[in-house]
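Shown next: run-v4.csv, given as CSV, C-alpha atoms.
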```csv
chain,number,residue,atom,x,y,z
A,1,MET,CA,49.5,-29.8,68.9
A,2,ILE,CA,50.4,-28.8,65.3
A,3,PRO,CA,50.1,-25.0,64.6
A,4,SER,CA,48.6,-25.0,61.2
A,5,SER,CA,45.5,-24.4,59.2
A,6,VAL,CA,43.7,-27.7,58.7
A,7,THR,CA,43.3,-26.8,55.0
A,8,ASP,CA,47.1,-26.5,54.6
A,9,THR,CA,47.6,-30.2,54.4
A,10,GLY,CA,51.3,-30.0,55.0
A,11,TRP,CA,50.7,-30.6,58.7
A,12,ILE,CA,49.9,-34.2,57.8
A,13,ASP,CA,53.6,-34.9,57.0
A,14,SER,CA,54.5,-34.1,60.7
A,15,ILE,CA,52.5,-37.2,61.9
A,16,SER,CA,54.3,-40.5,61.9
A,17,PRO,CA,52.0,-43.3,63.0
A,18,GLY,CA,54.8,-45.8,63.1
A,19,GLY,CA,52.8,-48.6,61.6
A,20,ARG,CA,49.9,-48.2,64.1
A,21,PRO,CA,46.3,-47.7,63.0
A,22,VAL,CA,45.2,-44.1,62.5
A,23,LEU,CA,42.0,-42.6,63.7
A,24,VAL,CA,41.1,-39.0,62.7
A,25,ILE,CA,38.4,-37.2,64.5
A,26,ALA,CA,37.2,-34.0,63.0
A,27,GLU,CA,34.6,-32.7,65.4
A,28,GLY,CA,32.9,-29.4,64.7
A,29,LEU,CA,35.2,-28.7,61.7
A,30,PHE,CA,34.0,-29.7,58.2
A,31,MET,CA,30.8,-27.5,58.3
A,32,TYR,CA,33.1,-24.5,58.3
A,33,LEU,CA,34.9,-25.5,55.2
A,34,GLU,CA,34.0,-25.4,51.5
A,35,GLU,CA,33.3,-28.8,49.9
A,36,GLU,CA,36.5,-28.6,47.9
A,37,GLU,CA,38.5,-28.1,51.1
A,38,VAL,CA,36.7,-31.1,52.8
A,39,ARG,CA,37.4,-33.3,49.8
A,40,ALA,CA,41.1,-32.2,49.6
A,41,LEU,CA,41.6,-32.9,53.3
A,42,ILE,CA,39.9,-36.3,53.1
A,43,LEU,CA,41.9,-37.3,50.0
A,44,ALA,CA,45.2,-36.1,51.7
A,45,LEU,CA,44.4,-38.2,54.8
A,46,LYS,CA,43.6,-41.2,52.6
A,47,LYS,CA,46.9,-40.8,50.7
A,48,SER,CA,49.0,-40.4,53.8
A,49,PHE,CA,47.3,-42.9,56.0
A,50,PRO,CA,45.7,-45.6,53.8
A,51,GLY,CA,43.1,-47.6,55.6
A,52,CYS,CA,42.7,-44.9,58.3
A,53,GLU,CA,39.4,-44.3,60.0
A,54,LEU,CA,37.8,-40.9,59.9
A,55,VAL,CA,34.9,-39.8,62.1
A,56,PHE,CA,33.2,-36.4,61.9
A,57,ASP,CA,30.0,-34.7,62.4
A,58,ALA,CA,28.1,-33.4,59.4
A,59,TYR,CA,25.1,-31.1,58.8
A,60,SER,CA,22.6,-31.7,56.0
A,61,THR,CA,22.4,-29.1,53.3
A,62,LEU,CA,19.1,-27.9,54.7
A,63,THR,CA,20.7,-27.4,58.1
A,64,VAL,CA,23.5,-25.4,56.5
A,65,LYS,CA,20.9,-23.1,55.0
A,66,ARG,CA,18.9,-22.6,58.2
A,67,VAL,CA,21.6,-22.7,60.9
A,68,THR,CA,22.9,-19.3,59.9
A,69,LYS,CA,19.8,-17.8,61.4
A,70,HIS,CA,20.6,-19.3,64.8
A,71,PRO,CA,21.2,-16.4,67.3
A,72,SER,CA,24.6,-17.8,68.5
A,73,LEU,CA,25.9,-17.9,64.9
A,74,LYS,CA,24.5,-14.4,64.1
A,75,LYS,CA,26.4,-13.0,67.1
A,76,THR,CA,29.7,-14.6,66.1
A,77,GLY,CA,29.4,-13.9,62.4
A,78,VAL,CA,30.6,-17.4,61.6
A,79,THR,CA,29.7,-18.9,58.3
A,80,ILE,CA,28.6,-22.5,57.9
A,81,LYS,CA,29.6,-23.6,54.4
A,82,TRP,CA,29.3,-27.4,53.9
A,83,GLY,CA,26.7,-30.0,54.4
A,84,ILE,CA,25.9,-33.3,52.9
A,85,ASP,CA,22.6,-35.2,52.5
A,86,ASP,CA,23.8,-38.5,51.1
A,87,ALA,CA,27.0,-39.6,52.9
A,88,THR,CA,27.7,-42.3,50.3
A,89,GLU,CA,28.6,-39.4,47.9
A,90,ILE,CA,31.9,-39.2,49.7
A,91,GLU,CA,32.6,-42.8,48.6
A,92,LYS,CA,32.7,-41.5,45.0
A,93,TRP,CA,35.6,-39.1,45.8
A,94,ALA,CA,38.2,-41.9,45.5
A,95,LYS,CA,38.3,-45.7,45.2
A,96,GLY,CA,38.5,-47.4,48.5
A,97,ILE,CA,36.6,-44.8,50.6
A,98,ARG,CA,33.8,-46.6,52.5
A,99,LEU,CA,31.1,-45.4,54.7
A,100,VAL,CA,31.2,-47.5,57.8
A,101,GLU,CA,28.4,-46.0,59.8
A,102,GLU,CA,26.0,-43.1,59.8
A,103,TRP,CA,24.9,-42.4,63.4
A,104,TYR,CA,22.0,-40.1,64.3
A,105,PHE,CA,21.6,-38.2,67.5
A,106,THR,CA,18.1,-39.6,67.7
A,107,GLN,CA,19.7,-43.0,68.4
A,108,ALA,CA,21.6,-41.9,71.5
A,109,GLU,CA,21.0,-44.1,74.6
A,110,GLU,CA,21.1,-41.0,76.7
A,111,ILE,CA,17.7,-40.0,75.4
A,112,GLU,CA,16.2,-42.6,77.8
A,113,LYS,CA,17.5,-40.5,80.7
A,114,LEU,CA,15.5,-37.5,79.6
A,115,GLU,CA,12.0,-36.5,80.8
A,116,SER,CA,9.2,-38.3,78.9
A,117,LEU,CA,8.2,-35.3,76.8
A,118,TYR,CA,11.8,-34.9,75.5
A,119,ARG,CA,12.0,-38.7,74.9
A,120,LEU,CA,8.8,-38.5,72.8
A,121,ALA,CA,10.2,-35.5,70.9
A,122,PHE,CA,13.4,-37.4,70.0
A,123,ARG,CA,11.4,-40.5,68.9
A,124,ILE,CA,9.2,-38.3,66.7
A,125,ALA,CA,12.2,-36.5,65.3
A,126,GLY,CA,13.7,-39.9,64.5
A,127,LEU,CA,10.8,-40.8,62.2
A,128,PHE,CA,11.7,-38.0,59.7
A,129,THR,CA,14.8,-38.4,57.5
A,130,ALA,CA,15.3,-34.6,57.3
A,131,THR,CA,15.4,-34.3,61.0
A,132,LYS,CA,17.6,-37.3,61.6
A,133,LYS,CA,20.1,-36.1,59.0
A,134,ALA,CA,20.2,-32.5,60.2
A,135,HIS,CA,23.3,-33.2,62.3
A,136,ARG,CA,24.8,-36.6,62.6
A,137,ILE,CA,28.1,-38.5,62.9
A,138,LEU,CA,29.7,-40.1,59.9
A,139,HIS,CA,32.4,-42.8,60.1
A,140,PHE,CA,34.5,-43.7,57.1
A,141,ALA,CA,37.3,-46.1,56.3
A,142,LEU,CA,39.8,-44.4,54.0
```

Can you present the structure in this file as structure tokens?
Amino acid sequence: MIPSSVTDTGWIDSISPGGRPVLVIAEGLFMYLEEEEVRALILALKKSFPGCELVFDAYSTLTVKRVTKHPSLKKTGVTIKWGIDDATEIEKWAKGIRLVEEWYFTQAEEIEKLESLYRLAFRIAGLFTATKKAHRILHFAL
């Protein structure tokens, strides 16, 4: 555990991978940051751990606009700030950043374990780009 704000990238210096591959998982984080903070963090990870893998969940910009109306977020007063529609835009932030995979929740194998009505709902949702990209997992090589 490193007691630090994730946006104060000095915490990165306390990690010594010892020549081993680095995997960074940022679950439930980036949507709470401004785009400039996400970019700065990704570029700092790339600089400190060249070739590392980064996996995070991302909202679409439409989801960011609409999720603030969700009752759970209204109660907490939290602000969702960042979303991205085209994940390949992150590749333009620096040379060598590469999108490895964009995974949609509508692809989950666990859907087959659901009741038929829910399976149908997920299949229908998977037909629409806006629905698929509402909340998904992105995997990058930095």

With all atoms listed in the file as the counted atoms, please give the residues lying no more than 10 Å from segment 15-19 of chain A, apart from itself and same-chain residues fewer than 6 positions off, as a PDB file with C-alpha atoms, in the coordinates of the input.
```pdb
ATOM      1  CA  ILE A   2      50.400 -28.800  65.300  1.00  0.00           C
ATOM      2  CA  SER A  48      49.000 -40.400  53.800  1.00  0.00           C
ATOM      3  CA  PHE A  49      47.300 -42.900  56.000  1.00  0.00           C
TER       4      PHE A  49
END
```

Residues at most 9 Å from segment 58-61 of chain A, counting only C-alpha atoms, excluding those fewer than 3 positions away in the same chain, as a PyMOL selection string? chain A and resi 27-31+64-66+82-86+130+133-138

Can you list, as a PDB file with C-alpha atoms, in the frame of the given file, every protein, DNA or RNA residue that comes within 9 Å of segment 99-103 of chain A when you count all atoms listed in the file, leaving out same-chain residues fewer than 6 positions away?
```
ATOM      1  CA  ALA A  87      27.000 -39.600  52.900  1.00  0.00           C
ATOM      2  CA  THR A  88      27.700 -42.300  50.300  1.00  0.00           C
ATOM      3  CA  ILE A  90      31.900 -39.200  49.700  1.00  0.00           C
ATOM      4  CA  GLU A  91      32.600 -42.800  48.600  1.00  0.00           C
ATOM      5  CA  ARG A 136      24.800 -36.600  62.600  1.00  0.00           C
ATOM      6  CA  ILE A 137      28.100 -38.500  62.900  1.00  0.00           C
ATOM      7  CA  LEU A 138      29.700 -40.100  59.900  1.00  0.00           C
ATOM      8  CA  HIS A 139      32.400 -42.800  60.100  1.00  0.00           C
ATOM      9  CA  PHE A 140      34.500 -43.700  57.100  1.00  0.00           C
ATOM     10  CA  ALA A 141      37.300 -46.100  56.300  1.00  0.00           C
ATOM     11  CA  LEU A 142      39.800 -44.400  54.000  1.00  0.00           C
TER      12      LEU A 142
END
```

Neighbour residues at most 12 Å from (37.1, -39.1, 46.7) (only C-alpha atoms) as a list of chain:residue names: A:Glu35, A:Glu36, A:Glu37, A:Val38, A:Arg39, A:Ala40, A:Leu41, A:Ile42, A:Leu43, A:Ala44, A:Leu45, A:Lys46, A:Lys47, A:Ala87, A:Thr88, A:Glu89, A:Ile90, A:Glu91, A:Lys92, A:Trp93, A:Ala94, A:Lys95, A:Gly96, A:Ile97, A:Arg98, A:Leu99, A:Phe140, A:Ala141, A:Leu142

Atom pair atom CA of Glu53 of chain A / atom CA of Val22 of chain A: separation (Å): 6.3 Å

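From atom CA of Tyr104 of chain A back to atom CA of Leu117 of chain A, the distance works out to 19.2 Å.
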
Ranking A:Lys75, A:Ala125, A:Ile80, A:Ser14 by minimum distance to Leu62 of chain A and counting all atoms listed in the file, which one comes first?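 The shortest atom-to-atom distance to Leu62 of chain A comes from A:Ile80.
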
Restricting the calculation to all atoms listed in the file: of A:Pro71, A:Leu120, A:Pro3, A:Lys132, which residue gets closest to Thr106 of chain A?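 Distance minimum relative to Thr106 of chain A lands on A:Lys132.
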
For Gly77 of chain A, work out the shell of residues within 12 Å, counting only C-alpha atoms and skipping chain neighbours fewer than 5 positions away, then give it as a ChimeraX atom specification. /A:32,67-72

Atom CA of Leu54 of chain A and atom CA of Ser4 of chain A, how far apart in Å? 19.3 Å

Using all atoms listed in the file, can you tell me which of A:Ala26, A:Pro50, A:Glu109, A:Ser5 comes closest to Arg123 of chain A? A:Glu109

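Proximity ranking of A:Asp8, A:Thr131, A:Cys52, A:Lys74 relative to Pro21 of chain A places A:Cys52 first, based on all atoms listed in the file.
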
Would you mind completing segment 77-96 of chain A so that it carries N, CA and C atoms, and writing it out as a PDB file, keeping the file's coordinate frame?
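This is the output file selection26.pdb:
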```pdb
ATOM      1  N   GLY A  77      29.105 -14.172  63.807  1.00  0.00           N
ATOM      2  CA  GLY A  77      29.400 -13.900  62.400  1.00  0.00           C
ATOM      3  C   GLY A  77      30.017 -15.012  61.646  1.00  0.00           C
ATOM      4  N   VAL A  78      30.025 -16.197  62.242  1.00  0.00           N
ATOM      5  CA  VAL A  78      30.600 -17.400  61.600  1.00  0.00           C
ATOM      6  C   VAL A  78      29.741 -17.813  60.418  1.00  0.00           C
ATOM      7  N   THR A  79      30.380 -18.408  59.429  1.00  0.00           N
ATOM      8  CA  THR A  79      29.700 -18.900  58.300  1.00  0.00           C
ATOM      9  C   THR A  79      29.754 -20.415  58.193  1.00  0.00           C
ATOM     10  N   ILE A  80      28.616 -21.054  58.099  1.00  0.00           N
ATOM     11  CA  ILE A  80      28.600 -22.500  57.900  1.00  0.00           C
ATOM     12  C   ILE A  80      28.491 -22.710  56.397  1.00  0.00           C
ATOM     13  N   LYS A  81      29.411 -23.525  55.871  1.00  0.00           N
ATOM     14  CA  LYS A  81      29.600 -23.600  54.400  1.00  0.00           C
ATOM     15  C   LYS A  81      29.181 -24.969  53.822  1.00  0.00           C
ATOM     16  N   TRP A  82      29.426 -26.065  54.553  1.00  0.00           N
ATOM     17  CA  TRP A  82      29.300 -27.400  53.900  1.00  0.00           C
ATOM     18  C   TRP A  82      28.352 -28.280  54.671  1.00  0.00           C
ATOM     19  N   GLY A  83      27.547 -28.951  53.897  1.00  0.00           N
ATOM     20  CA  GLY A  83      26.700 -30.000  54.400  1.00  0.00           C
ATOM     21  C   GLY A  83      26.501 -31.051  53.364  1.00  0.00           C
ATOM     22  N   ILE A  84      26.038 -32.203  53.792  1.00  0.00           N
ATOM     23  CA  ILE A  84      25.900 -33.300  52.900  1.00  0.00           C
ATOM     24  C   ILE A  84      24.618 -34.087  53.248  1.00  0.00           C
ATOM     25  N   ASP A  85      23.827 -34.437  52.256  1.00  0.00           N
ATOM     26  CA  ASP A  85      22.600 -35.200  52.500  1.00  0.00           C
ATOM     27  C   ASP A  85      22.843 -36.694  52.401  1.00  0.00           C
ATOM     28  N   ASP A  86      23.556 -37.109  51.371  1.00  0.00           N
ATOM     29  CA  ASP A  86      23.800 -38.500  51.100  1.00  0.00           C
ATOM     30  C   ASP A  86      25.291 -38.797  51.393  1.00  0.00           C
ATOM     31  N   ALA A  87      25.591 -39.385  52.537  1.00  0.00           N
ATOM     32  CA  ALA A  87      27.000 -39.600  52.900  1.00  0.00           C
ATOM     33  C   ALA A  87      27.725 -40.524  51.969  1.00  0.00           C
ATOM     34  N   THR A  88      27.012 -41.372  51.246  1.00  0.00           N
ATOM     35  CA  THR A  88      27.700 -42.300  50.300  1.00  0.00           C
ATOM     36  C   THR A  88      28.303 -41.492  49.127  1.00  0.00           C
ATOM     37  N   GLU A  89      27.937 -40.237  48.952  1.00  0.00           N
ATOM     38  CA  GLU A  89      28.600 -39.400  47.900  1.00  0.00           C
ATOM     39  C   GLU A  89      30.057 -39.304  48.125  1.00  0.00           C
ATOM     40  N   ILE A  90      30.486 -39.304  49.384  1.00  0.00           N
ATOM     41  CA  ILE A  90      31.900 -39.200  49.700  1.00  0.00           C
ATOM     42  C   ILE A  90      32.662 -40.429  49.183  1.00  0.00           C
ATOM     43  N   GLU A  91      32.003 -41.565  49.135  1.00  0.00           N
ATOM     44  CA  GLU A  91      32.600 -42.800  48.600  1.00  0.00           C
ATOM     45  C   GLU A  91      33.058 -42.604  47.154  1.00  0.00           C
ATOM     46  N   LYS A  92      32.414 -41.720  46.440  1.00  0.00           N
ATOM     47  CA  LYS A  92      32.700 -41.500  45.000  1.00  0.00           C
ATOM     48  C   LYS A  92      33.935 -40.594  44.828  1.00  0.00           C
ATOM     49  N   TRP A  93      34.448 -40.009  45.906  1.00  0.00           N
ATOM     50  CA  TRP A  93      35.600 -39.100  45.800  1.00  0.00           C
ATOM     51  C   TRP A  93      36.872 -39.846  45.454  1.00  0.00           C
ATOM     52  N   ALA A  94      36.964 -41.110  45.842  1.00  0.00           N
ATOM     53  CA  ALA A  94      38.200 -41.900  45.500  1.00  0.00           C
ATOM     54  C   ALA A  94      37.848 -43.376  45.763  1.00  0.00           C
ATOM     55  N   LYS A  95      38.505 -44.226  45.004  1.00  0.00           N
ATOM     56  CA  LYS A  95      38.300 -45.700  45.200  1.00  0.00           C
ATOM     57  C   LYS A  95      38.846 -46.050  46.578  1.00  0.00           C
ATOM     58  N   GLY A  96      38.084 -46.894  47.236  1.00  0.00           N
ATOM     59  CA  GLY A  96      38.500 -47.400  48.500  1.00  0.00           C
ATOM     60  C   GLY A  96      37.889 -46.652  49.731  1.00  0.00           C
TER      61      GLY A  96
END
```
